[in-house]
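Content type mmCIF, C-alpha atoms, from the file upload10.cif:
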```cif
data_entry
loop_
_atom_site.label_atom_id
_atom_site.label_comp_id
_atom_site.auth_asym_id
_atom_site.auth_seq_id
_atom_site.Cartn_x
_atom_site.Cartn_y
_atom_site.Cartn_z
CA MET A 116 -13.96 -10.91 -26.61
CA MET A 117 -11.29 -9.75 -24.15
CA ARG A 118 -8.17 -8.32 -25.76
CA SER A 119 -4.66 -9.59 -25.14
CA MET A 120 -2.40 -7.25 -23.19
CA MET A 121 -0.61 -6.19 -26.39
CA ASP A 122 -3.83 -5.61 -28.31
CA LEU A 123 -5.25 -3.53 -25.46
CA LEU A 124 -2.04 -1.52 -25.20
CA LYS A 125 -2.03 -0.79 -28.93
CA ALA A 126 -5.64 0.40 -28.76
CA ILE A 127 -4.90 2.91 -25.98
CA TYR A 128 -1.41 4.33 -26.29
CA PRO A 129 -1.88 6.47 -29.45
CA LEU A 130 -4.70 8.42 -27.77
CA ARG A 131 -4.34 12.10 -26.87
CA LEU A 132 -4.56 11.51 -23.15
CA ALA A 133 -4.55 14.18 -20.44
CA PRO A 134 -6.01 14.34 -16.93
CA VAL A 135 -9.29 15.36 -18.62
CA SER A 136 -9.77 15.15 -22.40
CA PRO A 137 -12.08 13.58 -24.98
CA ASP A 138 -9.51 10.85 -25.67
CA THR A 139 -9.16 10.12 -21.95
CA ASP A 140 -12.90 9.48 -21.98
CA ARG A 141 -12.35 7.18 -24.97
CA CYS A 142 -9.68 5.35 -23.00
CA GLY A 143 -12.24 4.82 -20.24
CA GLU A 144 -14.69 3.35 -22.72
CA ILE A 145 -12.03 0.87 -23.87
CA LEU A 146 -11.23 -0.10 -20.28
CA GLN A 147 -14.92 -0.62 -19.60
CA GLU A 148 -14.97 -3.23 -22.36
CA GLU A 149 -12.38 -5.25 -20.41
CA LEU A 150 -13.69 -5.03 -16.82
CA PRO A 151 -16.95 -3.66 -15.35
CA PHE A 152 -15.38 -0.62 -13.66
CA ASP A 153 -17.33 1.75 -11.49
CA VAL A 154 -16.63 5.29 -12.72
CA HIS A 155 -16.24 8.11 -10.20
CA LYS A 156 -16.57 11.64 -11.57
CA TYR A 157 -15.06 14.87 -10.24
CA ALA A 158 -15.95 18.27 -11.70
CA CYS A 159 -13.18 20.23 -13.35
CA GLU A 160 -11.81 23.01 -11.13
CA SER A 161 -12.78 21.12 -7.96
CA GLU A 162 -10.14 21.70 -5.28
CA HIS A 163 -8.70 19.60 -2.47
CA ASN A 164 -5.62 20.47 -0.41
CA GLY A 165 -4.62 22.96 -3.11
CA TRP A 166 -4.93 20.42 -5.92
CA VAL A 167 -7.28 21.55 -8.69
CA VAL A 168 -8.83 19.22 -11.25
CA PRO A 169 -7.71 20.53 -14.66
CA GLN A 170 -10.20 21.53 -17.31
CA ASN A 171 -11.23 19.37 -20.22
CA TRP A 172 -8.42 20.14 -22.68
CA TYR A 173 -7.73 19.30 -26.30
CA VAL A 174 -6.00 20.73 -29.35
CA LYS A 175 -7.97 21.90 -32.38
CA LYS A 176 -5.07 23.00 -34.60
CA ALA A 177 -1.37 23.58 -34.09
CA VAL A 178 0.63 24.86 -37.05
CA ILE A 179 3.83 26.86 -37.42
CA ARG A 180 4.43 28.43 -40.82
CA LYS A 181 7.21 30.43 -42.43
CA ASP A 182 6.67 32.27 -45.67
CA GLY A 183 3.36 30.43 -46.05
CA ARG A 184 4.99 26.98 -45.77
CA VAL A 185 4.17 24.63 -42.88
CA VAL A 186 7.29 24.22 -40.76
CA TYR A 187 5.65 22.08 -38.09
CA ASP A 188 2.23 20.52 -37.50
CA GLY A 189 1.68 19.77 -33.83
CA MET A 190 -1.31 17.56 -34.60
CA GLU A 191 0.82 14.85 -36.19
CA HIS A 192 1.66 13.31 -32.79
CA PRO A 193 -0.17 13.40 -29.42
CA LEU A 194 2.91 15.03 -27.86
CA GLY A 195 3.20 17.75 -30.51
CA VAL A 196 1.70 20.42 -28.23
CA ILE A 197 2.66 20.92 -24.60
CA GLY A 198 0.04 19.65 -22.17
CA TYR A 199 -2.63 22.23 -21.32
CA SER A 200 -1.15 24.78 -23.68
CA ARG A 201 -3.27 27.86 -24.18
CA SER A 202 -4.05 29.18 -27.64
CA PHE A 203 -1.79 31.57 -29.50
CA HIS A 204 -2.21 33.23 -32.89
CA GLY A 205 0.30 35.65 -34.30
CA LYS A 206 3.50 36.43 -36.15
CA ILE A 207 6.75 36.37 -34.18
CA GLY A 208 10.47 36.24 -34.82
CA VAL A 209 12.55 33.11 -34.33
CA ALA A 210 14.09 34.42 -31.09
CA GLU A 211 10.62 34.88 -29.61
CA LEU A 212 9.42 31.53 -30.95
CA LYS A 213 12.22 29.31 -29.65
CA PRO A 214 11.38 29.63 -25.91
CA HIS A 215 8.00 28.07 -26.77
CA LEU A 216 9.56 25.03 -28.49
CA PHE A 217 10.52 22.16 -26.19
CA THR A 218 12.83 19.26 -27.03
CA HIS A 219 13.96 15.97 -25.49
CA HIS A 220 17.45 15.91 -24.02
CA HIS A 221 18.24 12.42 -25.33
CA TRP A 222 16.35 11.94 -28.61
CA PRO A 223 17.18 14.51 -31.34
CA GLU A 224 14.32 13.23 -33.52
CA GLY A 225 11.90 12.53 -30.67
CA LEU A 226 9.32 14.62 -28.87
CA VAL A 227 9.39 15.27 -25.15
CA TYR A 228 6.38 14.69 -22.86
CA HIS A 229 5.71 18.15 -21.39
CA CYS A 230 3.30 17.96 -18.45
CA ASP A 231 4.40 20.91 -16.32
CA LEU A 232 1.16 22.82 -16.80
CA PHE A 233 -0.90 19.89 -15.49
CA TYR A 234 0.26 20.64 -11.98
CA LYS A 235 1.07 24.38 -11.87
CA VAL A 236 -2.15 26.02 -10.77
CA GLY A 237 -2.60 29.37 -12.48
CA LYS A 238 0.45 29.06 -14.74
CA LYS A 239 -0.42 29.88 -18.36
CA ASP A 240 1.79 29.20 -21.34
CA TRP A 241 1.70 27.97 -24.89
CA GLY A 242 4.10 25.82 -26.80
CA PHE A 243 5.02 22.92 -29.02
CA CYS A 244 7.15 19.83 -28.50
CA VAL A 245 9.47 19.52 -31.49
CA PRO A 246 12.49 17.46 -32.55
CA ARG A 247 15.76 19.09 -31.52
CA THR A 248 16.93 18.75 -35.11
CA LEU A 249 14.06 21.02 -36.18
CA LEU A 250 14.74 23.58 -33.46
CA ASP A 251 18.43 23.77 -34.38
CA SER A 252 17.67 24.22 -38.08
CA LEU A 253 15.17 27.09 -37.87
CA PRO A 254 16.40 30.05 -39.94
CA GLU A 255 16.04 33.66 -38.94
CA GLY A 256 12.89 35.43 -39.93
CA GLU A 257 9.23 35.74 -39.07
CA TYR A 258 6.97 32.79 -38.22
CA GLU A 259 3.20 32.53 -38.15
CA VAL A 260 1.80 30.51 -35.22
CA ASP A 261 -1.75 29.19 -35.41
CA LEU A 262 -2.35 27.27 -32.19
CA GLU A 263 -5.92 26.76 -31.00
CA THR A 264 -6.73 24.73 -27.89
CA ALA A 265 -9.90 24.22 -25.88
CA HIS A 266 -10.23 24.58 -22.10
CA GLU A 267 -13.76 23.56 -21.17
CA ALA A 268 -15.88 22.45 -18.25
CA GLY A 269 -15.96 18.70 -17.77
CA GLU A 270 -15.35 15.84 -15.38
CA MET A 271 -12.27 13.87 -14.40
CA LYS A 272 -13.02 10.16 -14.27
CA VAL A 273 -11.53 7.49 -12.00
CA HIS A 274 -12.06 3.84 -12.93
CA ASP A 275 -12.53 1.55 -9.95
CA TYR A 276 -12.93 -2.24 -10.13
CA LEU A 277 -13.51 -4.23 -6.94
CA LEU A 278 -12.89 -7.98 -6.77
CA ALA A 279 -14.33 -9.21 -3.49
CA GLY A 280 -12.59 -11.83 -1.37
CA GLU A 281 -13.35 -13.64 1.88
CA SER A 282 -12.36 -10.50 3.79
CA THR A 283 -13.15 -6.85 3.12
CA ASP A 284 -9.47 -6.12 3.81
CA THR A 285 -8.34 -4.79 0.45
CA ILE A 286 -5.11 -4.58 -1.53
CA VAL A 287 -5.18 -1.84 -4.16
CA LEU A 288 -3.54 -1.97 -7.59
CA ASN A 289 -3.04 1.42 -9.24
CA ALA A 290 -1.96 2.70 -12.68
CA HIS A 291 -2.39 6.04 -14.44
CA ASN A 292 -4.03 6.95 -17.75
CA CYS A 293 -2.99 10.52 -18.55
CA HIS A 294 0.27 10.20 -20.54
CA ALA A 295 -0.44 10.88 -24.22
CA GLY A 296 1.25 8.81 -26.90
CA GLN A 297 3.34 6.63 -24.56
CA ALA A 298 2.97 2.86 -24.46
CA ASN A 299 5.16 1.89 -21.50
CA ASP A 300 4.34 4.89 -19.31
CA ASP A 301 1.77 3.94 -18.34
CA VAL A 302 -0.48 1.96 -20.64
CA SER A 303 1.65 -1.06 -19.72
CA GLY A 304 0.64 -0.61 -16.07
CA MET A 305 -3.04 -0.46 -17.03
CA VAL A 306 -2.97 -3.66 -19.10
CA VAL A 307 -0.91 -5.53 -16.51
CA GLY A 308 -3.37 -4.49 -13.79
CA ILE A 309 -6.35 -5.68 -15.83
CA GLU A 310 -4.68 -9.03 -16.51
CA VAL A 311 -3.78 -9.48 -12.83
CA MET A 312 -7.41 -8.88 -11.84
CA ARG A 313 -8.66 -11.38 -14.42
CA ARG A 314 -6.38 -14.07 -13.03
CA LEU A 315 -7.14 -13.23 -9.41
CA ALA A 316 -10.82 -13.69 -10.22
CA ALA A 317 -10.13 -17.35 -11.00
CA ARG A 318 -8.43 -18.02 -7.64
CA PRO A 319 -9.61 -18.42 -4.06
CA ARG A 320 -8.91 -15.14 -2.27
CA ARG A 321 -8.58 -14.18 1.36
CA TYR A 322 -8.29 -10.50 0.51
CA SER A 323 -10.36 -8.25 -1.69
CA TYR A 324 -8.60 -6.45 -4.54
CA ARG A 325 -9.26 -3.08 -6.11
CA LEU A 326 -7.88 -1.81 -9.42
CA ILE A 327 -7.79 1.98 -9.68
CA ILE A 328 -6.96 3.52 -13.07
CA ALA A 329 -6.87 7.29 -12.89
CA PRO A 330 -4.97 10.42 -13.92
CA GLU A 331 -1.65 10.66 -12.11
CA HIS A 332 -1.97 12.25 -8.67
CA PHE A 333 -5.25 14.06 -9.44
CA GLY A 334 -7.27 10.87 -9.74
CA THR A 335 -6.07 9.18 -6.56
CA ILE A 336 -6.11 12.40 -4.54
CA PHE A 337 -9.76 13.09 -5.32
CA TYR A 338 -10.71 9.41 -5.16
CA LEU A 339 -9.39 9.05 -1.61
CA ALA A 340 -10.84 12.40 -0.56
CA GLY A 341 -14.28 11.43 -1.85
CA ALA A 342 -14.38 7.76 -0.87
CA PRO A 343 -16.51 6.78 2.15
CA GLU A 344 -14.36 6.43 5.24
CA GLU A 345 -15.54 2.86 5.77
CA VAL A 346 -14.11 2.00 2.32
CA VAL A 347 -10.78 3.77 2.90
CA GLN A 348 -10.39 1.94 6.20
CA THR A 349 -10.38 -1.40 4.35
CA PHE A 350 -7.24 -0.49 2.34
CA ARG A 351 -4.31 -2.47 3.70
CA ALA A 352 -1.66 -1.95 0.99
CA CYS A 353 -1.17 -0.83 -2.59
CA ILE A 354 1.00 -1.69 -5.59
CA PHE A 355 1.66 1.10 -8.06
CA MET A 356 2.34 -0.42 -11.50
CA GLU A 357 4.14 1.49 -14.24
CA MET A 358 6.57 1.01 -17.13
CA LEU A 359 6.30 -2.78 -17.03
CA GLY A 360 6.69 -3.77 -20.68
CA ASN A 361 10.21 -2.74 -21.72
CA ILE A 362 13.25 -4.99 -21.84
CA HIS A 363 14.92 -3.88 -18.61
CA ARG A 364 14.97 -5.62 -15.22
CA LEU A 365 12.26 -5.22 -12.65
CA ALA A 366 12.68 -2.42 -10.12
CA LEU A 367 11.03 -2.55 -6.70
CA GLN A 368 10.56 0.67 -4.77
CA GLU A 369 9.75 0.13 -1.10
CA THR A 370 6.93 1.59 0.95
CA PHE A 371 7.63 4.58 3.21
CA THR A 372 8.65 2.36 6.13
CA GLY A 373 10.05 -0.47 4.03
CA LYS A 374 8.78 -2.93 6.63
CA SER A 375 5.24 -3.86 5.59
CA LEU A 376 4.19 -7.39 4.69
CA LEU A 377 3.98 -6.26 1.06
CA ASP A 378 7.62 -5.10 1.18
CA ARG A 379 8.67 -8.41 2.67
CA ALA A 380 6.75 -10.48 0.15
CA ALA A 381 8.07 -8.47 -2.79
CA HIS A 382 11.65 -8.68 -1.57
CA ASN A 383 11.32 -12.40 -0.94
CA PHE A 384 9.94 -13.21 -4.39
CA LEU A 385 12.44 -11.04 -6.27
CA GLN A 386 15.37 -12.35 -4.24
CA HIS A 387 14.59 -15.98 -4.98
CA HIS A 388 13.05 -15.78 -8.45
CA LYS A 389 14.29 -12.55 -10.10
CA PRO A 390 17.95 -12.24 -9.06
CA GLY A 391 18.66 -9.53 -11.66
CA SER A 392 16.04 -7.17 -10.19
CA PHE A 393 16.80 -3.88 -8.48
CA THR A 394 15.39 -2.45 -5.24
CA ASP A 395 15.63 0.89 -3.47
CA LYS A 396 13.91 2.95 -0.81
CA PHE A 397 10.68 4.98 -1.01
CA ARG A 398 10.79 7.55 -3.86
CA LYS A 399 14.41 6.68 -4.72
CA ILE A 400 13.61 5.04 -8.07
CA ILE A 401 10.66 6.97 -9.52
CA GLY A 402 8.04 9.31 -8.10
CA ASN A 403 4.35 8.71 -8.59
CA ASP A 404 1.07 8.06 -6.76
CA GLU A 405 2.72 6.21 -3.88
CA THR A 406 2.89 9.63 -2.19
CA VAL A 407 -0.90 9.88 -2.43
CA TRP A 408 -1.65 6.46 -0.92
CA GLU A 409 1.06 6.97 1.71
CA GLY A 410 -0.20 10.49 2.42
CA ALA A 411 -0.42 11.56 6.05
CA GLY A 412 -3.66 10.30 7.56
CA TYR A 413 -4.05 7.53 4.96
CA ASP A 414 -0.67 5.81 5.54
CA ILE A 415 -1.44 3.00 3.07
CA PRO A 416 1.83 1.08 2.48
CA THR A 417 2.55 1.34 -1.26
CA ILE A 418 5.29 -0.31 -3.26
CA SER A 419 6.07 0.61 -6.84
CA LEU A 420 6.95 -2.01 -9.43
CA SER A 421 8.47 -0.80 -12.70
CA ARG A 422 11.27 -1.32 -15.21
CA PHE A 423 12.65 2.19 -14.74
CA PRO A 424 14.90 3.75 -15.94
CA TYR A 425 14.66 3.24 -19.69
CA PRO A 426 15.92 5.58 -22.44
CA GLU A 427 12.55 6.18 -24.11
CA TYR A 428 11.05 7.59 -20.90
CA HIS A 429 8.79 10.65 -21.41
CA SER A 430 9.32 10.73 -25.14
CA SER A 431 7.60 9.88 -28.40
CA MET A 432 10.01 6.94 -28.67
CA ASP A 433 7.93 5.17 -26.00
CA THR A 434 5.92 3.19 -28.54
CA ALA A 435 4.51 -0.30 -28.80
CA ASP A 436 7.78 -1.26 -30.52
CA ILE A 437 9.64 -1.24 -27.19
CA ILE A 438 7.01 -3.39 -25.47
CA ILE A 439 7.90 -7.06 -25.13
CA PRO A 440 4.92 -9.37 -24.49
CA GLU A 441 7.07 -11.70 -22.38
CA LYS A 442 7.99 -8.80 -20.10
CA LEU A 443 4.33 -7.90 -19.62
CA GLU A 444 3.68 -11.54 -18.73
CA GLU A 445 6.64 -11.58 -16.34
CA SER A 446 5.24 -8.49 -14.64
CA VAL A 447 1.82 -10.12 -14.22
CA ASP A 448 3.42 -13.29 -12.85
CA THR A 449 5.57 -11.30 -10.41
CA ILE A 450 2.62 -9.35 -9.00
CA LEU A 451 0.53 -12.51 -8.65
CA ASN A 452 3.34 -14.29 -6.81
CA ILE A 453 3.86 -11.36 -4.46
CA LEU A 454 0.14 -11.27 -3.72
CA GLN A 455 0.07 -15.02 -3.16
CA MET A 456 2.78 -14.66 -0.54
CA VAL A 457 0.66 -12.02 1.20
CA GLU A 458 -2.35 -14.35 0.97
CA ASN A 459 -0.29 -17.20 2.45
CA GLU A 460 0.98 -15.34 5.50
CA SER A 461 0.09 -17.56 8.44
CA VAL A 462 1.23 -18.95 11.75
CA VAL A 463 1.53 -22.66 12.46
CA THR A 464 0.58 -24.51 15.65
CA ARG A 465 1.96 -28.00 16.34
CA LYS A 466 -0.25 -30.91 17.32
CA PHE A 467 2.60 -33.16 18.47
CA ARG A 468 5.27 -33.26 21.17
CA GLY A 469 8.91 -34.26 20.74
CA LEU A 470 10.85 -35.27 17.66
CA VAL A 471 8.92 -36.55 14.65
CA ALA A 472 10.56 -39.11 12.31
CA LEU A 473 10.14 -37.05 9.16
CA SER A 474 11.55 -39.84 7.00
CA ASN A 475 8.91 -42.33 8.16
CA PRO A 476 6.80 -43.26 5.10
CA ARG A 477 3.74 -42.28 7.13
CA TYR A 478 4.96 -38.63 6.94
CA ASN A 479 7.47 -38.51 4.04
CA LEU A 480 8.58 -35.03 5.11
CA TYR A 481 12.34 -35.59 5.10
CA ILE A 482 14.52 -33.42 2.87
CA ASP A 483 17.69 -35.21 1.72
CA GLN A 484 20.90 -33.66 2.97
CA ALA A 485 24.62 -34.17 2.41
CA ASP A 486 25.96 -37.64 3.22
CA PRO A 487 29.63 -38.72 2.81
CA SER A 488 28.66 -42.00 1.16
CA LEU A 489 25.49 -41.14 -0.79
CA ARG A 490 25.33 -37.39 -1.39
CA PRO A 491 28.75 -35.85 -0.81
CA ALA A 492 27.80 -32.45 -2.23
CA ILE A 493 24.60 -30.40 -2.34
CA GLY A 494 23.92 -26.79 -3.24
CA GLU A 495 23.74 -23.88 -0.82
CA GLU A 496 19.95 -23.57 -1.11
CA GLN A 497 19.57 -27.27 -0.36
CA ARG A 498 21.75 -26.82 2.73
CA ARG A 499 19.41 -24.07 3.91
CA TRP A 500 16.44 -26.40 3.44
CA ASN A 501 18.25 -29.08 5.41
CA TYR A 502 18.85 -26.67 8.26
CA LEU A 503 15.25 -25.51 8.15
CA MET A 504 14.11 -29.12 8.53
CA ASP A 505 16.02 -29.29 11.82
CA CYS A 506 14.56 -26.01 13.09
CA ILE A 507 11.05 -25.91 11.75
CA PRO A 508 9.23 -27.79 14.56
CA ARG A 509 10.23 -24.99 16.94
CA TYR A 510 8.51 -22.48 14.69
CA PHE A 511 5.19 -24.28 15.07
CA ASP A 512 4.46 -22.07 18.07
CA GLY A 513 1.38 -20.18 16.86
CA ALA A 514 3.39 -16.96 16.74
CA THR A 515 6.16 -17.30 14.14
CA SER A 516 4.89 -16.53 10.64
CA ILE A 517 5.72 -18.09 7.30
CA MET A 518 7.49 -14.88 6.25
CA ASP A 519 9.47 -14.84 9.51
CA ILE A 520 10.73 -18.35 8.72
CA ALA A 521 11.50 -17.47 5.09
CA GLU A 522 13.54 -14.43 6.02
CA LYS A 523 15.47 -16.17 8.79
CA HIS A 524 16.44 -19.07 6.53
CA GLN A 525 16.77 -17.08 3.27
CA LEU A 526 14.26 -19.25 1.45
CA CYS A 527 11.20 -18.67 -0.72
CA ALA A 528 8.10 -18.05 1.39
CA ARG A 529 5.79 -19.76 -1.12
CA LYS A 530 7.87 -22.94 -0.98
CA ILE A 531 7.89 -22.87 2.82
CA HIS A 532 4.12 -22.49 2.82
CA GLU A 533 3.86 -25.53 0.55
CA TYR A 534 6.19 -27.53 2.82
CA VAL A 535 4.27 -26.59 5.96
CA GLY A 536 1.08 -27.58 4.14
CA ARG A 537 2.43 -31.12 3.92
CA PHE A 538 2.71 -31.16 7.74
CA GLN A 539 -0.93 -30.12 7.91
CA GLU A 540 -1.94 -32.88 5.49
CA LYS A 541 -0.33 -35.39 7.87
CA GLY A 542 -2.29 -34.01 10.84
CA LEU A 543 0.81 -32.64 12.57
CA VAL A 544 -0.06 -28.93 12.58
CA ASP A 545 -2.81 -26.37 12.17
CA ILE A 546 -2.20 -23.41 9.85
CA SER A 547 -3.94 -20.15 10.77
CA PRO A 548 -3.96 -17.14 8.43
CA ILE A 549 -3.06 -13.88 10.12
CA ALA A 550 -4.25 -10.37 9.32
CA TYR A 551 -2.21 -8.01 7.16
CA SER A 552 0.42 -6.11 9.14
#
```

Would you put the structure from the file into structure tokens?
Amino acid sequence: MMRSMMDLLKAIYPLRLAPVSPDTDRCGEILQEELPFDVHKYACESEHNGWVVPQNWYVKKAVIRKDGRVVYDGMEHPLGVIGYSRSFHGKIGVAELKPHLFTHHHWPEGLVYHCDLFYKVGKKDWGFCVPRTLLDSLPEGEYEVDLETAHEAGEMKVHDYLLAGESTDTIVLNAHNCHAGQANDDVSGMVVGIEVMRRLAARPRRYSYRLIIAPEHFGTIFYLAGAPEEVVQTFRACIFMEMLGNIHRLALQETFTGKSLLDRAAHNFLQHHKPGSFTDKFRKIIGNDETVWEGAGYDIPTISLSRFPYPEYHSSMDTADIIIPEKLEESVDTILNILQMVENESVVTRKFRGLVALSNPRYNLYIDQADPSLRPAIGEEQRRWNYLMDCIPRYFDGATSIMDIAEKHQLCARKIHEYVGRFQEKGLVDISPIAYS
């Protein structure tokens, strides 16, 4: 039986995830129970453009003692040891120990997510993530450190699920799976992506859709580098999904140009249905795999949808307790609506000449407007619909798109598509889908 988004999230987030680790493999097994992903494998220490796939890494033991008493056990939480820490065994003074203890700037009792060594090729270090209260309370004296980690050969895995549509033109959904012990960043993106794909599977689809779940940066870099060129050439756009379950408002980060159809659809939906949302330019909200998809030579327009910033970010406070099921559902609904607007993008060609009596019962296409005797006052949105009714026949020129009309009249593109569909039902127009641009 398929898990709910919350149940799936709770099964994954406590794992000791890393770009390559035994628990990351376990995460993949859980994902495979939800969708029949293809799994692409890349050998550790493979290199592309200077990026090197990290080794298979995990912690065997991680204890700090003083006078024979355990001061800290780094195995008690997945963030207790810095990512890709090397081993260290020895006795050192407190002044030498403290530079190897890392804390969160905001949460005195929380642990920080330390991922610096993931990305610094050749940099070696060891360390623990500890509460600031512990760091500040350490007395002078000698400490015994017993930290043993494994760095082994292995394979990085990228999970790839393709949902075919009428066209091979493909929109990619992407989330990452390498943040240990954090529910919102980015297990929420994984579970939202899986739920979106399930619901897309039940709908007619012009486009094909691909869900990629992979370690941040490494996974998408090596996936794109290794994918057949004929597959890469089908990618029209991408949505990066992260931090989608917390209480805060939705945040839309634009593509590099800010002008793609996906940008326009996302702006249109949020403007008309999520007025409290926030938008900003490329890489101005949060940085992630959009730089990979938008990389020079790929140029795949990629928006990011998140609920960033939030105070628990990159800390052990990012637990299932901050995840709100209704916010996960809102995120799924938002992505589906944005994609539906992309699916609906069309031009309309008239099959009539002159002025049509829209109020004639044969058509029933008239939208009531203000009238001094019957309807003395209507809302601003209704006024825009009234004006659109006067203008819309001129847009049935086979060149003006649904999104063009929506933006010019500051109206919801989905509703305009539905209205134009009524003209088609009456035999007045032909609607022709247009390719992604």

Counting all atoms listed in the file, which residue out of A:Tyr187, A:Phe203, A:Phe333, A:Tyr551 sits closest to His291 of chain A?
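Checking each candidate against His291 of chain A, we get A:Phe333 as the closest.
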
Might you pull out every residue within 8 Å of segment 463-467 of chain A, with only C-alpha atoms counted and same-chain residues fewer than 5 positions away left off, and present them as a list in words?
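Within the cut-off, the hits are Pro508, Tyr510, Phe511, Asp512, Gly513, Ala514, Thr515, Ser516, Gly542, Leu543, Val544, Asp545, Ile546 and Ser547 of chain A.
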
For segment 377-393 of chain A, what centre and edge lengths in Å (one decimal) does the axis-aligned box get once 5 Å is added on each side of all its listed atoms, as JSON?
```
{"center_x": 11.3, "center_y": -9.9, "center_z": -4.5, "size_x": 24.7, "size_y": 22.1, "size_z": 24.3}
```

Kindly resolve the PyMOL selection byres ((chain A and resi 289) around 6) on the present coordinates and return the residues as number ranges by chain.
A: 288, 290, 326-328, 355

Find the residues near Met356 of chain A: any atom within 8 Å, counting all atoms listed in the file, skip ones fewer than 5 places away on the same chain, and give them as a list in words.
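Those residues are Leu288, Asn289, Ala290, Gly304, Met305, Val307, Gly308, Ser419, Leu420 and Ser421 of chain A.
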
Saved selection, atoms kept: C-alpha atoms, as a PDB file, keeping the file's coordinate frame:
```pdb
ATOM      1  CA  LEU A 288      -3.540  -1.970  -7.590  1.00  0.00           C
ATOM      2  CA  ASN A 289      -3.040   1.420  -9.240  1.00  0.00           C
ATOM      3  CA  ALA A 290      -1.960   2.700 -12.680  1.00  0.00           C
ATOM      4  CA  GLY A 304       0.640  -0.610 -16.070  1.00  0.00           C
ATOM      5  CA  MET A 305      -3.040  -0.460 -17.030  1.00  0.00           C
ATOM      6  CA  VAL A 307      -0.910  -5.530 -16.510  1.00  0.00           C
ATOM      7  CA  GLY A 308      -3.370  -4.490 -13.790  1.00  0.00           C
ATOM      8  CA  SER A 419       6.070   0.610  -6.840  1.00  0.00           C
ATOM      9  CA  LEU A 420       6.950  -2.010  -9.430  1.00  0.00           C
ATOM     10  CA  SER A 421       8.470  -0.800 -12.700  1.00  0.00           C
TER      11      SER A 421
END
```

Can you turn the PyMOL selection byres ((chain A and resi 444-456) around 7) into a concrete residue list for this file, as a ChimeraX atom specification?
/A:307,310-311,359,380-381,384,440-443,457-460,528-529

Assuming the input is short of atoms at segment 443-454 of chain A, produce N, CA and C atoms for that part as a compact mmCIF listing (two decimals), keeping the file's coordinate frame.
```txt
# COMPACT_ATOMS: atom_id res chain seq x y z
N LEU A 443 5.64 -8.14 -20.22
CA LEU A 443 4.33 -7.90 -19.62
C LEU A 443 3.89 -9.13 -18.83
N GLU A 444 4.07 -10.30 -19.41
CA GLU A 444 3.68 -11.54 -18.73
C GLU A 444 4.50 -11.75 -17.47
N GLU A 445 5.79 -11.46 -17.53
CA GLU A 445 6.64 -11.58 -16.34
C GLU A 445 6.16 -10.64 -15.24
N SER A 446 5.74 -9.45 -15.63
CA SER A 446 5.24 -8.49 -14.64
C SER A 446 3.97 -9.00 -13.98
N VAL A 447 3.05 -9.55 -14.78
CA VAL A 447 1.82 -10.12 -14.22
C VAL A 447 2.16 -11.25 -13.26
N ASP A 448 3.03 -12.15 -13.68
CA ASP A 448 3.42 -13.29 -12.85
C ASP A 448 4.07 -12.84 -11.54
N THR A 449 4.91 -11.81 -11.62
CA THR A 449 5.57 -11.30 -10.41
C THR A 449 4.56 -10.74 -9.43
N ILE A 450 3.63 -9.93 -9.90
CA ILE A 450 2.62 -9.35 -9.00
C ILE A 450 1.76 -10.45 -8.39
N LEU A 451 1.35 -11.42 -9.19
CA LEU A 451 0.53 -12.51 -8.65
C LEU A 451 1.28 -13.30 -7.59
N ASN A 452 2.56 -13.55 -7.80
CA ASN A 452 3.34 -14.29 -6.81
C ASN A 452 3.53 -13.50 -5.53
N ILE A 453 3.75 -12.20 -5.65
CA ILE A 453 3.86 -11.36 -4.46
C ILE A 453 2.55 -11.39 -3.68
N LEU A 454 1.44 -11.26 -4.38
CA LEU A 454 0.14 -11.27 -3.72
C LEU A 454 -0.14 -12.63 -3.08
```
